[in-house]
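Student: Have a look at this one.
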Amino acid sequence: MNQLHTLREEFEDKLKILKETIPREVSFKPIKDKISVFIGMRRTGKTTFVLQQIIDLLEDGIPITQIFYANFEDDRLMSTDHKVLVDLCDAFYSLYPENHDKHCYLFFDEIQNVPNWPKVIRRFFDTKRVSIYLTGSSAKLLSKEIATSLRGRSLSTEIWPFSFTEFLLSKKIEYSVPMGKKTYDGFVKLLEIYLHIGGFPEVISVTSDTKNRILQDYVNAVIMRDIIERYNISNIILIHYIIKSLLKNVGTSFSINKFFNDVKTQGISASKNTLYEYLKYIEDAYLIFSVPIYAESIRKVQTNPKKIYAIDPGLVGAYTLSMSPNYGHLFENLVFLDLKRKNHEVYYYLTKEGYEIDFLSKTPQGKIKLWQVVWDLKNEKTMQRELRALHSAEKELGVKGELVTPENYLTFLQY
């Protein structure tokens, strides 16, 4: 009980600090009889987001005595079984016994750290008058446990690093279209800054050197906690090498067969099956995403390489030594993330003539569109090449396409 008092004091102190945080561009509305699950990479702001939900509840008149919050990244809550979760919940109801007859709101942060958590969550959800909110840093682990144990009782929402518009909001900067030349030049400069530092909330206001160190620490934490420890990986050198290679090559094709040969030349022991498994682990931790080709043939999908993108453009700069960032690839990465934030299915496409289309996206409503991303508007040859590819794909698929450039980027975000 003493521990619960301490946790609640710390929880209330957090709420006081967070009242000035910016609202997130997350489409979320709690649904009755559904457990709300928030997933995403570490440090993307999941904790802040759920605490914002608590602040909203308090502003709606819900007493704080009917709200419980626990973060299972806290070393004081580490346990080898689910008893810690049971004890905390029981202690909460013992502290406020009137809550047995009231509707309560239970928030559990980084729930994947609690062994056998679904059994406890399901019991409380079935036997108490509660709304339950969960966060986690592993798509696969949470999805698997939810599918097997919660059986349709949950609804998941992904939490991403700050988008470019959230970045502007954090800087108290507003833009609208159309823009004059002076305003546009300033806009592009801010876009370059964002592509360099990325959208992790903690790094937006720090120096460049500190930024790289913080982002590298994020990646190391994901590697250790969400990959090595979770999957009992012994080939630590290999997992580090894969991640660094992927982050240095966003926006490009990735083939396991080619990478297998590269690994061998580096003297690192690995099998192709191991590489496939490690790539899945990296994606499950929300660090890297692979985009398949769009094709009707399953064989074509399986035999063609996938394109690689990072959870945040800032991570790319943190692992790249080049003094001249590849804004083309970084901007393409950003457009990919914007499509994912809108819950689009995302593919790339190759025309019969071999022209590559950056993205073919499908909205949750089934609307399909082609996107070709161009950063350098001054290069006439590049523009002609990208337009030729786009028109060719439009003709083959009977689907409309559009160029995405810095000039129309804000308009693209409204799609």
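All residue names refer to the structure tokens as shown: chains lettered A, B, ... in order, residues numbered from 1 in each chain, ligands numbered from 1 in order.
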Write out as a PyMOL selection string which residues come within 9 Å of Lys102 in chain A when counting only C-alpha atoms, dropping same-chain ones fewer than 6 positions away.
Tutor: chain A and resi 66+128-130
Student: For those residues, write C-alpha atoms to a file as a CSV table (one decimal), in the first residue's frame.
Tutor:
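What follows is the written file result.csv:
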chain,number,residue,atom,x,y,z
A,66,GLN,CA,-11.4,6.6,-10.0
A,128,LYS,CA,-15.2,-4.8,-13.0
A,129,ARG,CA,-16.9,-1.6,-14.3
A,130,VAL,CA,-13.7,-0.3,-16.0
Student: Near Ser149 in chain A, counting only C-alpha atoms, which residues have an atom at most 8 Å away, once you skip same-chain residues fewer than 5 positions from it, shown as a PyMOL selection string?
Tutor: chain A and resi 118-119+122
Student: Quick one: residues within 9 Å of range 396-403 of chain A, only C-alpha atoms, excluding same-chain residues fewer than 2 positions away - as an mmCIF file with N, CA and C atoms, in the first residue's frame?
Tutor:
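Dumped everything to result_23.cif:
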data_model
loop_
_atom_site.group_PDB
_atom_site.id
_atom_site.type_symbol
_atom_site.label_atom_id
_atom_site.label_comp_id
_atom_site.auth_asym_id
_atom_site.auth_seq_id
_atom_site.Cartn_x
_atom_site.Cartn_y
_atom_site.Cartn_z
ATOM 1 N N THR A 351 6.586 -0.334 -63.176
ATOM 2 C CA THR A 351 5.848 -0.432 -64.440
ATOM 3 C C THR A 351 6.469 -1.515 -65.313
ATOM 4 N N LYS A 352 5.781 -1.854 -66.384
ATOM 5 C CA LYS A 352 6.290 -2.861 -67.312
ATOM 6 C C LYS A 352 7.615 -2.434 -67.945
ATOM 7 N N LEU A 360 2.226 3.275 -53.819
ATOM 8 C CA LEU A 360 0.829 3.051 -54.138
ATOM 9 C C LEU A 360 0.156 2.841 -52.791
ATOM 10 N N ILE A 368 -7.480 4.016 -53.813
ATOM 11 C CA ILE A 368 -6.087 3.767 -54.209
ATOM 12 C C ILE A 368 -5.531 4.978 -54.968
ATOM 13 N N LYS A 369 -4.279 5.308 -54.679
ATOM 14 C CA LYS A 369 -3.647 6.424 -55.379
ATOM 15 C C LYS A 369 -2.145 6.183 -55.464
ATOM 16 N N LEU A 370 -1.528 6.726 -56.524
ATOM 17 C CA LEU A 370 -0.085 6.646 -56.731
ATOM 18 C C LEU A 370 0.567 7.949 -56.274
ATOM 19 N N TRP A 371 1.768 7.812 -55.702
ATOM 20 C CA TRP A 371 2.503 8.985 -55.228
ATOM 21 C C TRP A 371 3.954 8.890 -55.695
ATOM 22 N N GLN A 372 4.438 9.949 -56.305
ATOM 23 C CA GLN A 372 5.833 10.040 -56.712
ATOM 24 C C GLN A 372 6.450 11.229 -55.976
ATOM 25 N N VAL A 373 7.491 10.978 -55.209
ATOM 26 C CA VAL A 373 8.066 11.998 -54.327
ATOM 27 C C VAL A 373 9.273 12.653 -54.989
ATOM 28 N N VAL A 374 9.265 13.977 -55.051
ATOM 29 C CA VAL A 374 10.360 14.737 -55.673
ATOM 30 C C VAL A 374 10.767 15.877 -54.742
ATOM 31 N N GLU A 386 10.403 11.533 -63.378
ATOM 32 C CA GLU A 386 9.389 11.125 -62.401
ATOM 33 C C GLU A 386 7.982 11.218 -62.989
ATOM 34 N N LEU A 387 7.725 12.249 -63.770
ATOM 35 C CA LEU A 387 6.415 12.382 -64.408
ATOM 36 C C LEU A 387 6.170 11.281 -65.431
ATOM 37 N N LEU A 390 5.248 8.214 -63.551
ATOM 38 C CA LEU A 390 3.915 8.340 -62.973
ATOM 39 C C LEU A 390 2.829 8.159 -64.031
ATOM 40 N N HIS A 391 3.000 8.800 -65.180
ATOM 41 C CA HIS A 391 2.010 8.675 -66.246
ATOM 42 C C HIS A 391 1.935 7.236 -66.770
ATOM 43 N N SER A 392 3.079 6.572 -66.842
ATOM 44 C CA SER A 392 3.108 5.186 -67.296
ATOM 45 C C SER A 392 2.326 4.285 -66.339
ATOM 46 N N ALA A 393 2.527 4.490 -65.024
ATOM 47 C CA ALA A 393 1.832 3.682 -64.018
ATOM 48 C C ALA A 393 0.331 3.978 -64.021
ATOM 49 N N GLU A 394 -0.024 5.243 -64.200
ATOM 50 C CA GLU A 394 -1.443 5.606 -64.253
ATOM 51 C C GLU A 394 -2.147 4.867 -65.386
ATOM 52 N N THR A 405 5.814 17.210 -53.612
ATOM 53 C CA THR A 405 7.007 18.062 -53.568
ATOM 54 C C THR A 405 6.924 18.961 -52.342
ATOM 55 N N ASN A 408 3.906 21.383 -52.659
ATOM 56 C CA ASN A 408 2.513 20.991 -52.394
ATOM 57 C C ASN A 408 2.387 20.053 -51.193
#
Student: Looking at A:Thr135, A:Phe187, A:Val301, A:Phe331, which one is nearest to Tyr175 in chain A, with distances taken over only C-alpha atoms?
Tutor: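 Closest to Tyr175 in chain A, using only C-alpha atoms: A:Phe187.
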Student: Could you check how far CA of Asn71 in chain A sits from CA of Phe108 in chain A, in Å to one decimal?
Tutor: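 One can read the CA of Asn71 in chain A to CA of Phe108 in chain A distance as 6.0 Å.
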Student: Would you mind listing what lies within 9 Å of range 76-82 of chain A as a list in words, with only C-alpha atoms counted and same-chain residues fewer than 2 positions away left out?
Tutor: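 Non-adjacent residues within range: Gln3, Ala70, Asn71, Phe72, Glu73, Asp74, Val84, Leu85, Val86, Asp87, Asn113, Val114, Pro115, Asn116, Trp117, Lys119 and Val120 of chain A.
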Student: Which residues are close to Pro161 in chain A, i.e. within 9 Å by only C-alpha atoms, leaving aside same-chain residues fewer than 5 positions away? Reply as a list of chain:residue names.
Tutor: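 Surrounding residues, per the criterion: A:Gly40, A:Met41, A:Arg43, A:Thr44, A:Gly45, A:Gly198, A:Gly199, A:Phe200, A:Pro201, A:Ile311, A:Asp312.
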Student: List the spatial neighbours of Ile159 in chain A as a PyMOL selection string - criterion: any atom at most 12 Å away, only C-alpha atoms, same-chain residues fewer than 4 positions off excluded.
Tutor: chain A and resi 24-28+37-50+135-139+163+199-200+286+311+337+340-343
Student: Identify, on the basis of only C-alpha atoms, every residue whose closest approach to Ile228 in chain A does not exceed 12 Å; exclude the query and any residue fewer than 4 positions from it along the same chain; express the result as a PyMOL selection string.
Tutor: chain A and resi 220-224+232-240+278+281-282+285
Student: Which is closest to Phe359 in chain A among A:Lys395, A:Lys306, A:Arg123, A:Lys381, if we use only C-alpha atoms?
Tutor: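 Checking each candidate against Phe359 in chain A, we get A:Lys306 as the closest.
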